[in-house]
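Structure first, then comments.
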Amino acid sequence: EMLNTIDDPAGAALYCMNSVKLQEEAGLQYFPSVKTFYLTTAEMLARTRNYRESIDYYNLALKLKDSTTDKNFIANSMNTLGKSYHYFKKNDSAVLAYQQCMKFVKESGAQEDWYYSASDNRFEPYLELKQYDSCKKIADELYAAANNPRDSMMLMSACHMYSRIAIRNKRYEEGLKWSLQSEQYAGNAKKFLIAVYYDIAYCYEKLGQNDKALPYFRLNKKMTDRRDSIYAKASSEFLNAKTEFLKTQLKYKKLSQENSTQVWIRNAIIGIGVFISGFIIFYQLRRRKKTEQAREEAEKKSAYFQDKYQNAEEQLAGFRNKIDDYTLKLDTLQDELNKKNENSASAEKIESLSKQIILTDKDWDVF
């Protein structure tokens, strides 16, 4: 907006294009004013005579328009879109754009000036399409409106239209008459007479009055060169600005790629570090888990052998008790045996004594 204010449409157009591009990348749903941005971008491009690009932006903007978009801005954009189409010789599309503008103004309640501007602007496309009846109708409407109330600039435009129609139909005297009247109505507003001067010179030349045609050709050439130089400067400034802008974008892209590479390397190093750390942690956890499992198994074995040991102790104690019992029994048996032995010896002694005392028949026989 600031560049446009200081009459730098080329720089303004590039900033507009970049702004819209950034908004498209980020998502249009986050930028409610994007419709206006498209219209502004198209207008800046049209001012620098980059009509091809301006047509694309205008069409995008008009697709996105809604009730929140400024009605007069839309009507102006439709008019400029028609001019852009006419510049590329797409006269059917130009007429359609103007008629859509007229319809939009009626339906939306925008300023009526845009309606009449679009209606008048249809003249040139109709003329190229050789629809002279439509051209005459437009000229008649403009001429009638110019006389009620009287408006010199509107009369100048209407007379110029009649002149163009007459010249296309090779009625050069009639064309000259209307062109001279158009010059007269223009007064001091000479900047609007570039095409009028050419028509006057052309009619004089066709009528064989070359001496009168030459001054008008010179005026037309002077004013055309001045206008074209302004347009060429604007276009050149736009191309230069676009070149610098693209250089900046390439530089930024290169830096972004370098940063992306550095980020990739950094991320790769971090990834490797994370992988190694993860592997070490996994190894330690696995080792710890194995150690815990071994400890648990050792504890289980220890508990098992402890139980075995306790059972063995109990069994040993039982054996000891049994041994003590058996020892006691053996002692008792030994005592009994000893007693039995003693009784046996006594019996033998008694038997011997008895034998010594008692004589048997044999003994008696021996005796």
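Identifiers in this document derive from the order of the structure tokens: chains are assigned A, B, ..., residues are numbered from 1 separately in each chain, and ligands are numbered from 1 in order of occurrence.
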
ask   = Can you tell me, as a list in words, what residues are no more than 12 Å from Phe88 of chain A when counting only C-alpha atoms, ignoring any on the same chain fewer than 6 positions away?
value = Arg49, Asn50, Tyr51, Arg52, Glu53, Ser54, Ile55, Leu81, Gly82, Ala94, Pro125 and Glu128 of chain A

Same residues, all heavy atoms, output as a short mmCIF file (atom, residue, chain, number, x, y, z; two decimals), in the first residue's frame:
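Result file follows (result.cif):
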```cif
data_model
loop_
_atom_site.label_atom_id
_atom_site.label_comp_id
_atom_site.auth_asym_id
_atom_site.auth_seq_id
_atom_site.Cartn_x
_atom_site.Cartn_y
_atom_site.Cartn_z
N ARG A 49 0.78 -3.07 -16.81
CA ARG A 49 0.52 -3.66 -18.12
C ARG A 49 0.89 -5.14 -18.19
O ARG A 49 1.21 -5.68 -19.25
CB ARG A 49 1.23 -2.88 -19.24
CG ARG A 49 0.75 -1.44 -19.35
CD ARG A 49 1.51 -0.67 -20.41
NE ARG A 49 1.15 -1.07 -21.76
CZ ARG A 49 0.07 -0.66 -22.43
NH1 ARG A 49 -0.77 0.19 -21.85
NH2 ARG A 49 -0.17 -1.06 -23.65
N ASN A 50 0.85 -5.81 -17.04
CA ASN A 50 1.02 -7.26 -17.00
C ASN A 50 -0.38 -7.89 -16.98
O ASN A 50 -0.82 -8.47 -15.99
CB ASN A 50 1.83 -7.67 -15.77
CG ASN A 50 3.28 -7.26 -15.89
OD1 ASN A 50 4.07 -7.91 -16.56
ND2 ASN A 50 3.62 -6.16 -15.24
N TYR A 51 -1.07 -7.72 -18.11
CA TYR A 51 -2.48 -8.08 -18.16
C TYR A 51 -2.71 -9.59 -18.04
O TYR A 51 -3.72 -10.02 -17.47
CB TYR A 51 -3.10 -7.57 -19.47
CG TYR A 51 -3.14 -6.07 -19.56
CD1 TYR A 51 -2.39 -5.39 -20.51
CD2 TYR A 51 -3.93 -5.32 -18.70
CE1 TYR A 51 -2.43 -4.00 -20.59
CE2 TYR A 51 -3.98 -3.94 -18.77
CZ TYR A 51 -3.22 -3.29 -19.72
OH TYR A 51 -3.26 -1.93 -19.80
N ARG A 52 -1.79 -10.36 -18.58
CA ARG A 52 -1.99 -11.82 -18.55
C ARG A 52 -2.05 -12.32 -17.10
O ARG A 52 -2.92 -13.11 -16.73
CB ARG A 52 -0.85 -12.52 -19.29
CG ARG A 52 -1.12 -14.01 -19.52
CD ARG A 52 0.03 -14.64 -20.29
NE ARG A 52 0.23 -14.02 -21.57
CZ ARG A 52 -0.47 -14.29 -22.66
NH1 ARG A 52 -1.45 -15.17 -22.61
NH2 ARG A 52 -0.21 -13.68 -23.80
N GLU A 53 -1.10 -11.83 -16.27
CA GLU A 53 -1.10 -12.25 -14.86
C GLU A 53 -2.27 -11.62 -14.11
O GLU A 53 -2.85 -12.25 -13.22
CB GLU A 53 0.21 -11.85 -14.20
CG GLU A 53 1.41 -12.66 -14.72
CD GLU A 53 2.71 -12.19 -14.10
OE1 GLU A 53 3.02 -10.99 -14.25
OE2 GLU A 53 3.39 -13.00 -13.49
N SER A 54 -2.62 -10.38 -14.49
CA SER A 54 -3.72 -9.70 -13.78
C SER A 54 -5.04 -10.44 -14.02
O SER A 54 -5.88 -10.53 -13.12
CB SER A 54 -3.84 -8.25 -14.24
OG SER A 54 -4.36 -8.16 -15.55
N ILE A 55 -5.22 -11.01 -15.22
CA ILE A 55 -6.46 -11.75 -15.52
C ILE A 55 -6.60 -12.94 -14.57
O ILE A 55 -7.68 -13.20 -14.03
CB ILE A 55 -6.45 -12.22 -16.99
CG1 ILE A 55 -6.67 -11.00 -17.92
CG2 ILE A 55 -7.53 -13.27 -17.23
CD1 ILE A 55 -6.49 -11.33 -19.38
N LEU A 81 -10.86 -6.06 -15.56
CA LEU A 81 -10.74 -7.38 -16.17
C LEU A 81 -11.18 -7.34 -17.63
O LEU A 81 -10.53 -7.93 -18.50
CB LEU A 81 -11.60 -8.39 -15.38
CG LEU A 81 -11.65 -9.81 -15.94
CD1 LEU A 81 -10.26 -10.43 -15.98
CD2 LEU A 81 -12.59 -10.68 -15.10
N GLY A 82 -12.27 -6.60 -17.91
CA GLY A 82 -12.71 -6.44 -19.30
C GLY A 82 -11.65 -5.76 -20.15
O GLY A 82 -11.40 -6.17 -21.30
N ALA A 94 -14.11 -9.93 -22.96
CA ALA A 94 -14.18 -8.55 -22.47
C ALA A 94 -15.63 -8.09 -22.35
O ALA A 94 -16.03 -7.52 -21.33
CB ALA A 94 -13.40 -7.63 -23.40
N PRO A 125 -14.66 -3.47 -27.58
CA PRO A 125 -14.78 -4.88 -27.98
C PRO A 125 -15.85 -5.10 -29.05
O PRO A 125 -15.64 -5.88 -29.99
CB PRO A 125 -15.16 -5.59 -26.68
CG PRO A 125 -14.68 -4.70 -25.60
CD PRO A 125 -14.80 -3.31 -26.12
N GLU A 128 -14.42 -4.12 -32.38
CA GLU A 128 -13.51 -5.13 -32.93
C GLU A 128 -14.28 -6.35 -33.42
O GLU A 128 -13.85 -7.03 -34.36
CB GLU A 128 -12.48 -5.54 -31.88
CG GLU A 128 -11.55 -4.43 -31.43
CD GLU A 128 -10.73 -3.88 -32.58
OE1 GLU A 128 -10.37 -4.66 -33.50
OE2 GLU A 128 -10.46 -2.66 -32.58
#
```

key: Coordinates-based distance that separates atom CA of Asn169 of chain A from atom CA of Asp133 of chain A (Å, one decimal)   = 11.8 Å

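Rounded to one decimal, atom CA of Gln29 of chain A and atom CA of Tyr57 of chain A lie 17.7 Å from each other.
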